[in-house]
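> Structure: final07.cif, mmCIF, C-alpha atoms.
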data_coords
loop_
_atom_site.label_atom_id
_atom_site.label_comp_id
_atom_site.auth_asym_id
_atom_site.auth_seq_id
_atom_site.Cartn_x
_atom_site.Cartn_y
_atom_site.Cartn_z
CA MET A 295 10.81 33.04 22.87
CA ALA A 296 10.95 32.79 26.63
CA GLU A 297 12.15 29.45 27.95
CA GLU A 298 9.40 27.69 29.86
CA SER A 299 10.14 25.54 32.87
CA GLN A 300 9.98 21.81 32.22
CA TYR A 301 6.92 21.58 34.48
CA THR A 302 5.06 24.10 32.35
CA ARG A 303 6.02 22.20 29.23
CA LYS A 304 4.85 18.94 30.79
CA PHE A 305 1.61 20.61 31.86
CA ARG A 306 0.98 21.92 28.35
CA LYS A 307 1.73 18.49 26.92
CA GLU A 308 -0.73 16.79 29.23
CA LEU A 309 -3.41 19.34 28.45
CA MET A 310 -2.88 18.88 24.74
CA ALA A 311 -2.91 15.09 24.96
CA GLY A 312 -6.69 14.87 25.03
CA LEU A 313 -7.58 18.16 23.41
CA SER A 314 -5.62 17.51 20.23
CA SER A 315 -8.04 14.68 19.36
CA LEU A 316 -10.97 17.04 19.89
CA VAL A 317 -9.39 19.74 17.73
CA LEU A 318 -8.59 17.35 14.89
CA LEU A 319 -12.08 15.85 14.90
CA ALA A 320 -13.50 19.39 14.83
CA VAL A 321 -11.29 20.42 11.90
CA LEU A 322 -12.26 17.35 9.87
CA ALA A 323 -15.94 17.66 10.75
CA ARG A 324 -15.96 21.31 9.73
CA ALA A 325 -14.11 20.62 6.48
CA GLY A 326 -16.70 17.97 5.63
CA ARG A 327 -14.31 16.24 3.21
CA GLU A 328 -11.25 14.07 3.46
CA MET A 329 -7.95 15.83 4.07
CA TYR A 330 -4.33 14.69 4.12
CA GLY A 331 -1.98 15.25 7.03
CA TYR A 332 -0.19 18.32 5.73
CA GLU A 333 -3.46 20.00 4.83
CA ILE A 334 -4.82 19.28 8.32
CA ALA A 335 -1.62 20.63 9.88
CA LYS A 336 -2.06 23.89 7.97
CA ALA A 337 -5.76 24.08 8.87
CA VAL A 338 -5.01 23.58 12.57
CA LYS A 339 -2.42 26.33 12.46
CA ALA A 340 -5.02 28.63 10.92
CA GLU A 341 -7.55 27.82 13.62
CA GLY A 342 -5.82 30.08 16.13
CA GLU A 343 -2.44 31.34 17.18
CA GLY A 344 -1.66 27.87 18.42
CA GLY A 345 1.20 27.28 16.01
CA LEU A 346 3.74 26.90 18.75
CA ILE A 347 1.45 25.42 21.38
CA PHE A 348 0.83 22.52 19.11
CA LYS A 349 3.71 21.21 17.04
CA GLN A 350 2.48 20.10 13.65
CA GLY A 351 4.38 16.86 13.95
CA ALA A 352 2.23 15.93 16.93
CA ILE A 353 -0.84 15.86 14.69
CA TYR A 354 0.18 12.75 12.80
CA PRO A 355 0.39 10.29 15.68
CA VAL A 356 -2.98 11.58 16.95
CA LEU A 357 -4.51 11.07 13.49
CA ARG A 358 -3.16 7.54 13.46
CA SER A 359 -4.53 6.75 16.89
CA LEU A 360 -7.95 8.20 16.00
CA ASN A 361 -7.82 6.02 12.91
CA THR A 362 -6.96 2.95 14.98
CA ILE A 363 -9.91 3.42 17.30
CA GLY A 364 -12.25 3.97 14.37
CA LEU A 365 -13.10 7.66 14.75
CA LEU A 366 -11.36 8.45 11.45
CA ASP A 367 -11.17 6.58 8.16
CA SER A 368 -8.00 6.67 6.17
CA ARG A 369 -6.74 5.72 2.75
CA VAL A 370 -3.43 6.15 1.02
CA GLU A 371 -3.19 7.72 -2.40
CA ALA A 372 -0.07 7.90 -4.50
CA SER A 373 0.82 11.44 -5.44
CA ALA A 374 2.47 12.62 -8.62
CA PHE A 375 5.52 13.85 -6.74
CA GLY A 376 6.97 12.81 -3.45
CA PRO A 377 5.67 10.13 -1.10
CA PRO A 378 2.06 8.92 -1.11
CA ARG A 379 -0.46 10.89 0.89
CA ARG A 380 -2.63 9.47 3.63
CA TYR A 381 -6.11 10.96 3.53
CA TYR A 382 -8.28 11.04 6.64
CA ASN A 383 -12.03 11.46 6.93
CA ILE A 384 -14.29 11.56 9.97
CA THR A 385 -16.57 8.55 10.55
CA ASP A 386 -20.04 8.52 12.08
CA ASP A 387 -18.49 7.27 15.31
CA GLY A 388 -16.11 10.21 15.04
CA ARG A 389 -18.97 12.69 14.73
CA GLN A 390 -20.67 11.11 17.72
CA ALA A 391 -17.43 11.32 19.71
CA LEU A 392 -16.96 14.95 18.68
CA ASN A 393 -20.45 15.73 19.95
CA ASP A 394 -19.85 13.99 23.29
CA TRP A 395 -16.39 15.45 23.70
CA GLN A 396 -17.61 18.97 23.08
CA GLY A 397 -20.00 18.53 25.99
CA ALA A 398 -17.22 17.11 28.14
CA TRP A 399 -14.95 20.02 27.18
CA LYS A 400 -17.60 22.62 28.09
CA ASP A 401 -18.16 20.96 31.48
CA MET A 402 -14.45 20.78 32.06
CA ARG A 403 -13.86 24.40 31.09
CA GLU A 404 -16.59 25.63 33.42
CA PHE A 405 -15.26 23.48 36.22
CA VAL A 406 -11.71 24.74 35.76
CA ASP A 407 -12.80 28.37 35.42
CA ASP A 408 -14.85 28.07 38.60
CA ALA A 409 -11.96 26.48 40.44
CA LEU A 410 -9.54 29.18 39.26
CA LEU A 411 -11.86 32.00 40.25
CA ALA A 412 -12.81 30.45 43.60
CA GLY A 413 -9.18 29.49 44.25
CA GLY A 414 -8.04 33.06 43.55
CA GLY A 415 -10.58 34.33 46.06
CA ALA A 416 -9.62 31.74 48.67
CA VAL A 417 -5.97 32.70 48.60
CA HIS A 418 -6.87 36.29 49.29
CA GLU A 419 -9.16 35.34 52.12
CA HIS A 420 -6.67 33.05 53.82
CA ARG A 421 -3.62 35.21 53.57
CA PRO A 422 -4.61 37.89 56.11
CA SER A 423 -5.79 35.43 58.73
CA ALA A 424 -2.56 33.41 58.63
CA MET B 92 23.82 10.64 16.17
CA ASN B 93 24.95 14.28 16.03
CA THR B 94 22.32 15.90 18.19
CA ASP B 95 24.09 19.25 18.37
CA ARG B 96 23.68 20.03 14.67
CA PRO B 97 20.05 20.18 13.48
CA PRO B 98 19.35 18.17 10.32
CA ASP B 99 19.35 20.25 7.13
CA THR B 100 18.02 17.71 4.63
CA VAL B 101 14.93 15.51 4.64
CA ARG B 102 17.19 12.49 4.61
CA ALA B 103 19.11 13.73 7.66
CA TYR B 104 15.86 14.52 9.47
CA LEU B 105 14.48 11.05 8.81
CA ASP B 106 17.76 9.47 9.91
CA ALA B 107 17.71 11.51 13.13
CA LEU B 108 14.06 10.55 13.73
CA GLN B 109 14.87 6.92 13.12
CA SER B 110 17.70 6.92 15.61
CA ALA B 111 15.52 8.79 18.13
CA LEU B 112 12.96 6.00 17.78
CA LYS B 113 15.48 3.23 18.36
CA GLY B 114 13.87 0.41 20.31
CA ALA B 115 10.30 1.26 19.31
CA SER B 116 8.27 -1.35 17.44
CA PRO B 117 9.28 -1.49 13.75
CA GLY B 118 5.73 -0.74 12.60
CA LEU B 119 5.68 2.41 14.71
CA VAL B 120 9.04 3.51 13.31
CA SER B 121 7.84 3.01 9.75
CA ASP B 122 4.61 4.96 10.47
CA ALA B 123 6.54 7.84 12.02
CA LEU B 124 9.04 7.95 9.16
CA SER B 125 6.38 7.92 6.45
CA ASP B 126 4.37 10.66 8.22
CA ALA B 127 7.45 12.83 8.61
CA GLU B 128 8.53 12.23 5.02
CA GLU B 129 5.06 13.11 3.72
CA HIS B 130 4.99 16.34 5.73
CA LEU B 131 8.53 17.42 4.90
CA GLN B 132 8.13 16.73 1.18
CA ASN B 133 4.88 18.72 1.16
CA GLU B 134 6.64 21.55 2.97
CA LEU B 135 9.46 21.50 0.39
CA ALA B 136 6.97 21.43 -2.48
CA SER B 137 5.05 24.44 -1.17
CA ASN B 138 8.26 26.47 -0.71
CA PRO B 139 9.94 26.03 -4.09
CA ASP B 140 11.87 29.28 -3.83
CA ARG B 141 13.72 28.31 -0.63
CA SER B 142 16.56 25.87 -0.24
CA GLU B 143 16.09 22.53 1.47
CA ALA B 144 18.22 23.68 4.44
CA GLN B 145 16.13 26.86 4.89
CA VAL B 146 12.88 24.92 4.77
CA LEU B 147 14.21 22.34 7.22
CA ALA B 148 15.28 25.05 9.66
CA SER B 149 11.75 26.48 9.79
CA VAL B 150 10.12 23.05 9.73
CA ILE B 151 11.92 22.06 12.91
CA GLU B 152 10.19 25.02 14.59
CA THR B 153 6.71 24.14 13.31
CA TYR B 154 6.83 20.38 12.91
CA GLY B 155 9.05 19.62 15.90
CA THR B 156 12.54 18.24 16.37
CA PRO B 157 13.16 14.54 15.73
CA ALA B 158 13.41 13.97 19.49
CA GLU B 159 10.04 15.67 20.12
CA ILE B 160 8.35 13.75 17.33
CA ALA B 161 9.78 10.45 18.56
CA GLU B 162 8.35 11.21 21.99
CA GLU B 163 4.90 11.95 20.52
CA TYR B 164 4.78 8.61 18.73
CA ARG B 165 5.99 6.72 21.77
CA SER B 166 3.36 8.29 23.99
CA MET B 167 0.66 7.60 21.37
CA GLU B 168 1.64 3.93 21.29
CA ALA B 169 1.58 3.83 25.09
CA THR B 170 -1.91 5.38 25.17
CA LEU B 171 -3.27 2.95 22.61
CA GLN B 172 -1.87 -0.02 24.49
CA GLY B 173 -3.21 1.28 27.79
CA PRO B 174 -6.77 1.08 29.04
CA PHE B 175 -8.02 3.33 26.24
CA PRO B 176 -11.25 1.92 24.78
CA LYS B 177 -10.78 0.41 21.36
CA SER B 178 -13.81 -0.41 19.29
CA GLU B 179 -12.04 -3.08 17.30
CA GLN B 180 -8.81 -4.97 17.79
CA THR B 181 -8.49 -6.03 21.40
CA PRO B 182 -5.22 -7.87 21.13
CA GLU B 183 -4.71 -8.51 24.82
CA ARG B 184 -7.95 -10.36 25.39
CA HIS B 185 -7.25 -13.55 27.26
CA TYR B 186 -8.80 -16.64 25.84
CA GLY B 187 -9.01 -19.73 27.95
CA PHE B 188 -8.00 -23.07 26.50
CA PHE B 189 -11.38 -23.56 24.80
CA GLY B 190 -11.92 -19.86 24.14
CA VAL B 191 -9.44 -20.17 21.28
CA ILE B 192 -12.35 -21.42 19.14
CA SER B 193 -13.58 -17.82 18.85
CA ASP B 194 -10.13 -16.25 18.51
CA PRO B 195 -9.81 -14.76 15.01
CA ARG B 196 -6.04 -14.74 15.36
CA ALA B 197 -5.94 -18.55 15.51
CA TYR B 198 -7.95 -18.92 12.29
CA GLY B 199 -5.89 -16.22 10.62
CA ALA B 200 -2.76 -18.14 11.50
CA LEU B 201 -4.33 -21.38 10.23
CA MET B 202 -5.16 -19.68 6.92
CA TYR B 203 -1.65 -18.31 6.74
CA MET B 204 -0.17 -21.77 7.32
CA LEU B 205 -2.27 -23.25 4.52
CA LEU B 206 -1.36 -20.39 2.19
CA SER B 207 2.33 -20.47 3.03
CA LEU B 208 3.03 -23.57 0.92
CA VAL B 209 2.01 -21.74 -2.24
CA THR B 210 3.65 -18.44 -1.37
CA GLY B 211 6.74 -20.22 -0.02
CA VAL B 212 7.28 -22.18 -3.24
CA PHE B 213 6.74 -19.05 -5.32
CA TYR B 214 9.06 -16.85 -3.23
CA PHE B 215 11.77 -19.50 -3.22
CA THR B 216 11.62 -20.10 -6.95
CA TRP B 217 11.54 -16.39 -7.73
CA THR B 218 14.46 -15.56 -5.45
CA ILE B 219 16.69 -18.45 -6.46
CA THR B 220 15.99 -17.81 -10.16
CA GLY B 221 16.66 -14.13 -9.68
CA ILE B 222 19.91 -14.68 -7.82
CA SER B 223 21.23 -17.19 -10.35
CA LEU B 224 20.23 -15.11 -13.36
CA THR B 225 21.70 -11.97 -11.80
CA ALA B 226 24.93 -13.78 -11.01
CA GLY B 227 25.09 -15.20 -14.52
CA LEU B 228 24.24 -11.97 -16.31
CA ILE B 229 26.31 -9.61 -14.17
CA ILE B 230 29.29 -9.77 -16.56
CA LEU B 231 27.08 -8.66 -19.44
CA ILE B 232 25.75 -5.15 -19.88
CA ILE B 233 22.19 -6.42 -19.35
CA GLY B 234 23.18 -7.68 -15.91
CA ILE B 235 23.01 -4.28 -14.21
CA PRO B 236 19.42 -3.33 -15.08
CA PHE B 237 18.46 -6.93 -14.41
CA ALA B 238 19.97 -6.79 -10.94
CA LEU B 239 18.06 -3.55 -10.23
CA LEU B 240 14.85 -5.11 -11.45
CA PHE B 241 15.39 -8.18 -9.31
CA ILE B 242 16.12 -6.15 -6.17
CA GLY B 243 12.99 -4.10 -6.86
CA SER B 244 10.94 -7.28 -7.19
CA VAL B 245 12.32 -8.56 -3.87
CA ARG B 246 11.14 -5.34 -2.22
CA VAL B 247 7.68 -5.62 -3.74
CA LEU B 248 7.41 -9.27 -2.69
CA SER B 249 8.47 -8.33 0.85
CA LEU B 250 5.80 -5.64 0.95
CA VAL B 251 3.13 -8.06 -0.31
CA GLU B 252 4.20 -10.68 2.21
CA GLY B 253 4.09 -7.99 4.91
CA ARG B 254 0.51 -7.12 3.96
CA ILE B 255 -0.49 -10.80 4.11
CA ILE B 256 1.18 -11.16 7.50
CA GLU B 257 -0.48 -8.06 8.89
CA GLY B 258 -3.86 -9.22 7.62
CA LEU B 259 -3.68 -12.79 8.84
CA LEU B 260 -1.26 -12.72 11.76
CA GLY B 261 -2.01 -9.23 13.06
CA VAL B 262 1.63 -8.15 13.25
CA ARG B 263 2.24 -4.58 12.18
CA MET B 264 4.28 -4.47 9.00
CA PRO B 265 5.38 -1.60 6.73
CA ARG B 266 2.51 -0.10 4.79
CA ARG B 267 4.54 0.93 1.80
CA LEU B 268 7.81 0.43 0.00
CA PRO B 269 10.92 1.85 1.63
CA PRO B 270 11.69 5.36 0.35
CA ALA B 271 13.37 5.12 -3.02
CA SER B 272 16.87 6.47 -3.23
CA ALA B 273 17.27 9.94 -4.69
CA ALA B 274 16.41 10.12 -8.36
CA ASP B 275 19.69 11.69 -9.40
CA GLU B 276 21.68 8.73 -8.21
CA THR B 277 23.40 6.70 -10.88
CA VAL B 278 22.36 3.15 -11.55
CA LEU B 279 25.61 1.87 -10.07
CA ALA B 280 25.15 3.93 -6.92
CA ARG B 281 21.64 2.51 -6.53
CA ILE B 282 22.92 -1.04 -6.84
CA LYS B 283 25.67 -0.26 -4.37
CA ASN B 284 23.12 1.17 -1.92
CA ALA B 285 20.94 -1.89 -2.26
CA LEU B 286 23.93 -4.18 -1.77
CA ILE B 287 25.02 -2.50 1.46
CA ASP B 288 21.43 -2.34 2.69
CA ILE B 289 21.15 -5.23 5.12
CA ARG B 290 17.43 -5.40 4.42
CA THR B 291 17.94 -6.46 0.83
CA TRP B 292 19.79 -9.51 2.11
CA SER B 293 17.49 -10.23 5.02
CA SER B 294 14.46 -10.01 2.69
CA MET B 295 16.02 -12.52 0.30
CA LEU B 296 16.86 -14.77 3.24
CA TYR B 297 13.24 -14.56 4.35
CA LEU B 298 11.88 -15.36 0.89
CA ILE B 299 14.17 -18.40 0.62
CA LEU B 300 13.38 -19.48 4.18
CA MET B 301 9.67 -19.40 3.32
CA LEU B 302 9.97 -22.66 1.35
CA PRO B 303 10.95 -24.93 4.27
CA LEU B 304 8.83 -22.94 6.70
CA GLY B 305 5.86 -22.96 4.32
CA VAL B 306 6.11 -26.72 3.79
CA ALA B 307 6.33 -27.31 7.54
CA TYR B 308 3.40 -24.99 8.30
CA PHE B 309 1.29 -26.54 5.58
CA VAL B 310 2.01 -30.08 6.77
CA ILE B 311 1.22 -29.17 10.38
CA ALA B 312 -2.02 -27.48 9.36
CA VAL B 313 -3.21 -30.22 7.01
CA VAL B 314 -2.22 -33.11 9.30
CA GLY B 315 -3.82 -31.30 12.25
CA ILE B 316 -7.05 -30.55 10.43
CA SER B 317 -7.46 -33.99 8.88
CA LEU B 318 -6.50 -35.86 12.05
CA SER B 319 -8.81 -33.88 14.34
CA LEU B 320 -11.76 -33.58 11.99
CA GLY B 321 -11.27 -37.17 10.78
CA MET B 322 -11.29 -38.51 14.32
CA ALA B 323 -14.29 -36.46 15.40
CA GLY B 324 -16.30 -36.86 12.18
CA GLY B 325 -15.40 -40.54 11.66
CA SER B 326 -16.39 -41.44 15.21
CA LEU B 327 -19.63 -39.55 14.95
CA PHE B 328 -20.43 -41.22 11.64
CA SER B 329 -19.61 -44.64 13.09
CA LEU B 330 -21.84 -43.96 16.08
CA LEU B 331 -24.73 -42.86 13.90
CA THR B 332 -24.48 -45.74 11.40
CA ASN B 333 -23.72 -48.25 14.15
CA HIS B 334 -20.81 -49.57 12.15
CA SER B 335 -17.24 -48.67 13.03
CA ASN B 336 -15.15 -47.52 10.09
CA PHE B 337 -11.92 -47.65 12.07
CA GLN B 338 -9.55 -50.46 11.39
CA ILE B 339 -6.23 -50.69 13.18
CA ASP B 340 -4.75 -54.11 12.56
CA ASP B 341 -1.49 -53.59 14.40
CA VAL B 342 -3.02 -52.64 17.75
CA PRO B 343 -5.80 -55.12 18.50
CA TRP B 344 -6.95 -53.52 21.77
CA LEU B 345 -7.35 -50.11 20.12
CA ASP B 346 -9.15 -51.71 17.20
CA HIS B 347 -11.46 -53.45 19.65
CA LEU B 348 -11.99 -50.22 21.63
CA LEU B 349 -12.99 -48.34 18.51
CA HIS B 350 -15.70 -50.90 17.84
CA THR B 351 -17.44 -50.06 21.11
CA ALA B 352 -19.66 -47.06 21.66
CA PRO B 353 -17.68 -45.58 24.61
CA GLY B 354 -14.49 -45.99 22.62
CA LEU B 355 -16.00 -44.08 19.69
CA VAL B 356 -17.26 -41.32 21.98
CA ALA B 357 -13.77 -41.06 23.47
CA ALA B 358 -12.25 -40.92 19.99
CA MET B 359 -14.66 -38.18 19.01
CA LEU B 360 -13.83 -36.14 22.11
CA PHE B 361 -10.15 -36.73 21.42
CA GLY B 362 -10.61 -35.44 17.87
CA ILE B 363 -12.35 -32.31 19.13
CA LEU B 364 -9.65 -31.77 21.74
CA LEU B 365 -7.06 -32.18 19.00
CA PHE B 366 -8.72 -29.38 17.03
CA PHE B 367 -8.41 -27.01 19.99
CA ILE B 368 -4.78 -28.01 20.40
CA LEU B 369 -4.28 -27.36 16.69
CA LEU B 370 -5.73 -23.85 17.05
CA HIS B 371 -3.35 -23.15 19.92
CA VAL B 372 -0.42 -24.48 17.90
CA CYS B 373 -1.47 -22.24 15.00
CA LYS B 374 -1.61 -19.23 17.27
CA GLY B 375 1.85 -20.04 18.57
CA ILE B 376 3.27 -20.51 15.08
CA GLY B 377 1.57 -17.33 13.93
CA TRP B 378 3.20 -15.41 16.76
CA LEU B 379 6.59 -16.96 16.07
CA HIS B 380 6.37 -16.31 12.35
CA GLY B 381 5.37 -12.72 13.04
CA ARG B 382 8.59 -12.29 14.99
CA ILE B 383 10.64 -13.83 12.16
CA ALA B 384 9.01 -11.54 9.59
CA GLU B 385 9.49 -8.52 11.82
CA ALA B 386 13.17 -9.29 12.18
CA LEU B 387 13.87 -9.96 8.51
CA LEU B 388 11.41 -7.83 6.52
CA VAL B 389 11.05 -4.60 8.46
CA ARG B 390 13.69 -2.02 7.79
CA LEU B 391 15.55 -1.17 10.98
#
Could you write out this file's structure as structure tokens?

Amino acid sequence: MAEESQYTRKFRKELMAGLSSLVLLAVLARAGREMYGYEIAKAVKAEGEGGLIFKQGAIYPVLRSLNTIGLLDSRVEASAFGPPRRYYNITDDGRQALNDWQGAWKDMREFVDDALLAGGGAVHEHRPSA
Amino acid sequence: MNTDRPPDTVRAYLDALQSALKGASPGLVSDALSDAEEHLQNELASNPDRSEAQVLASVIETYGTPAEIAEEYRSMEATLQGPFPKSEQTPERHYGFFGVISDPRAYGALMYMLLSLVTGVFYFTWTITGISLTAGLIILIIGIPFALLFIGSVRVLSLVEGRIIEGLLGVRMPRRLPPASAADETVLARIKNALIDIRTWSSMLYLILMLPLGVAYFVIAVVGISLSLGMAGGSLFSLLTNHSNFQIDDVPWLDHLLHTAPGLVAAMLFGILLFFILLHVCKGIGWLHGRIAEALLVRL
């Protein structure tokens, strides 16, 4: 795998910081049942080719923070083998947030796409005159 | 520790994660460790045909290195403590002197102080009995399983106490028992591990310490409540019935003052003020006790 510059990595990280919450809410809302961390990690990986964009370990702290702010419910269940599992489920507040965030994401995507397209044009226009 | 060699067992991974999280709040460390352990054990269980080292090598690619994971948890904690909206739990709200009356933390601490006499006596008795019986029985064959049982009970008590503290004092404490040592370990090895684990000793110290602390907390809470409510209620009652129930023989001027209406009003206000002071004291003690528990009960 090609080594990215630290700025690119930082940029990716900052992009993911907000989007990971959106993705996790979407996964849980679509599943419509409670899931435990490992299951969610596998489901997120299956959502796209994002396996490397989004380290699975980064899911857990996001789940915990969504739980803290009340968008997810959680409960711990002992499992027959290994450590107990923490199950997460989306709350009504979580569904509401998912709805709002989807709108915000669409706006944001259009805005960024516009800026990228317009910016690309602007560079070409300015170059010859300079 | 050795950052150049990637961890090849779950244990080593957790150790590396723990040292990468050095300095973070103990609750955060315990959350991160239990998440990682849950994930890694699941990964091992779903790849039964591969060795632990093979699984770990691929997990580091998908799950992230201990350093990366530590960074994720740190930045999550920073986000939550920042200006991010939180529907419940607003720990940094500033209450004025009288605002403490609506501060749930103060009442939680007051409840804890009242409860701590009972729990303190129980913890102390349990621990001292356990230590003496273990010491007495250790020369017999029954001593070894007994010692294991006692150490286990200390861990469970610490967990229960942690839950009480988190509920009433709002300090993050471990949500579950520390990971048990590997099943294939011999009984002697387990005892040895527990003996060199500083937390076993610090937990016992805490449980013993809870007797004097619990008595002190209880006395402060009960004296504070009865003094403040007694002053306020007694004065009010005296004012309403027009007959002072206060009698202070040793201090004639105070006795006289408490038989006048202004004196009774002043005493009532003083009682109310005392209650606010009590709530502040409770909050302070709650904070202090949270620190003690964090230092002694949370595995570092």
> Under the rule that only C-alpha atoms are counted, which of A:Gln300, A:Trp395, A:Ile384, A:Phe305 is the nearest residue to Arg324 in chain A?
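When distances to Arg324 in chain A are compared using only C-alpha atoms, the smallest one comes from A:Ile384.
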> Could you state which residues are captured by the PyMOL selection byres ((chain A) within 12 of (chain B)) in this file, as a VMD selection string?
chain A and resid 295 303 307 to 308 310 to 312 314 to 315 330 to 336 338 to 339 344 to 365 369 to 381 387 to 388
> Excluding Ser329 in chain B and residues on its chain fewer than 2 positions from it, collect all residues at most 12 Å away from it, counting all atoms listed in the file, and give them as a PyMOL selection string.
chain B and resi 321-327+331-338+349-356+358-359
> What gap, in Å, lies between CA of His380 in chain B and CA of Leu260 in chain B?
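Answer for the CA of His380 in chain B to CA of Leu260 in chain B separation: 8.5 Å.
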> Do you know which residues are at most 12 Å from range 227-235 of chain B counting all atoms listed in the file, after dropping those on the same chain fewer than 6 positions away, and could you put them as an NGL selection string?
:B and (220-221 or 241-242 or 277-283)
> Kindly indicate which residue among B:Thr100, B:Thr291, B:Thr210, B:Thr218 lies nearest to Val306 in chain B, using only C-alpha atoms for the distances.
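For Val306 in chain B, the nearest of the candidates is B:Thr210.
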> Find the distance between CA of Arg254 in chain B and CA of Gly190 in chain B and write it in Å to one decimal.
26.9 Å
> Expressed in Å to a single decimal, how great is the separation between CA of Met402 in chain A and CA of Ala325 in chain A?
25.6 Å
> A:Phe405, A:Tyr301, A:Tyr382, A:Trp399: which is nearest Ser368 in chain A, counting all atoms listed in the file?
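Counting all atoms listed in the file, the residue closest to Ser368 in chain A is A:Tyr382.
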> Find the residues near Ala200 in chain B: any atom within 9 Å, counting all atoms listed in the file, skip ones fewer than 4 places away on the same chain, and give them as a PyMOL selection string.
chain B and resi 195-196+204-205+256+259-260+370+373-378
> To test your reading of the syntax: which residues would the PyMOL selection byres ((chain A and resi 392) around 10) return for the file shown? Reply as a list in words.
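Residues picked by the PyMOL selection byres ((chain A and resi 392) around 10): Ser315, Leu316, Val317, Leu318, Leu319, Ala320, Ala323, Leu365, Ile384, Asp386, Asp387, Gly388, Arg389, Gln390, Ala391, Asn393, Asp394, Trp395, Gln396, Gly397 and Ala398 of chain A.
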> Closest to Ile316 in chain B among B:Asp106, B:Leu364, B:Leu224, B:Leu286, using only C-alpha atoms?
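Of B:Asp106, B:Leu364, B:Leu224, B:Leu286, the one nearest Ile316 in chain B is B:Leu364, counting only C-alpha atoms.
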> I would like the residues chosen by the PyMOL selection byres ((chain B and resi 247) around 12) on the shown file; could you give them as a list in words?
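With the shown file as input, the PyMOL selection byres ((chain B and resi 247) around 12) matches Tyr214, Leu240, Phe241, Ile242, Gly243, Ser244, Val245, Arg246, Leu248, Ser249, Leu250, Val251, Glu252, Gly253, Arg254, Pro265, Arg266, Arg267, Leu268, Pro269, Thr291, Ser294, Met295, Leu298 and Leu388 of chain B.
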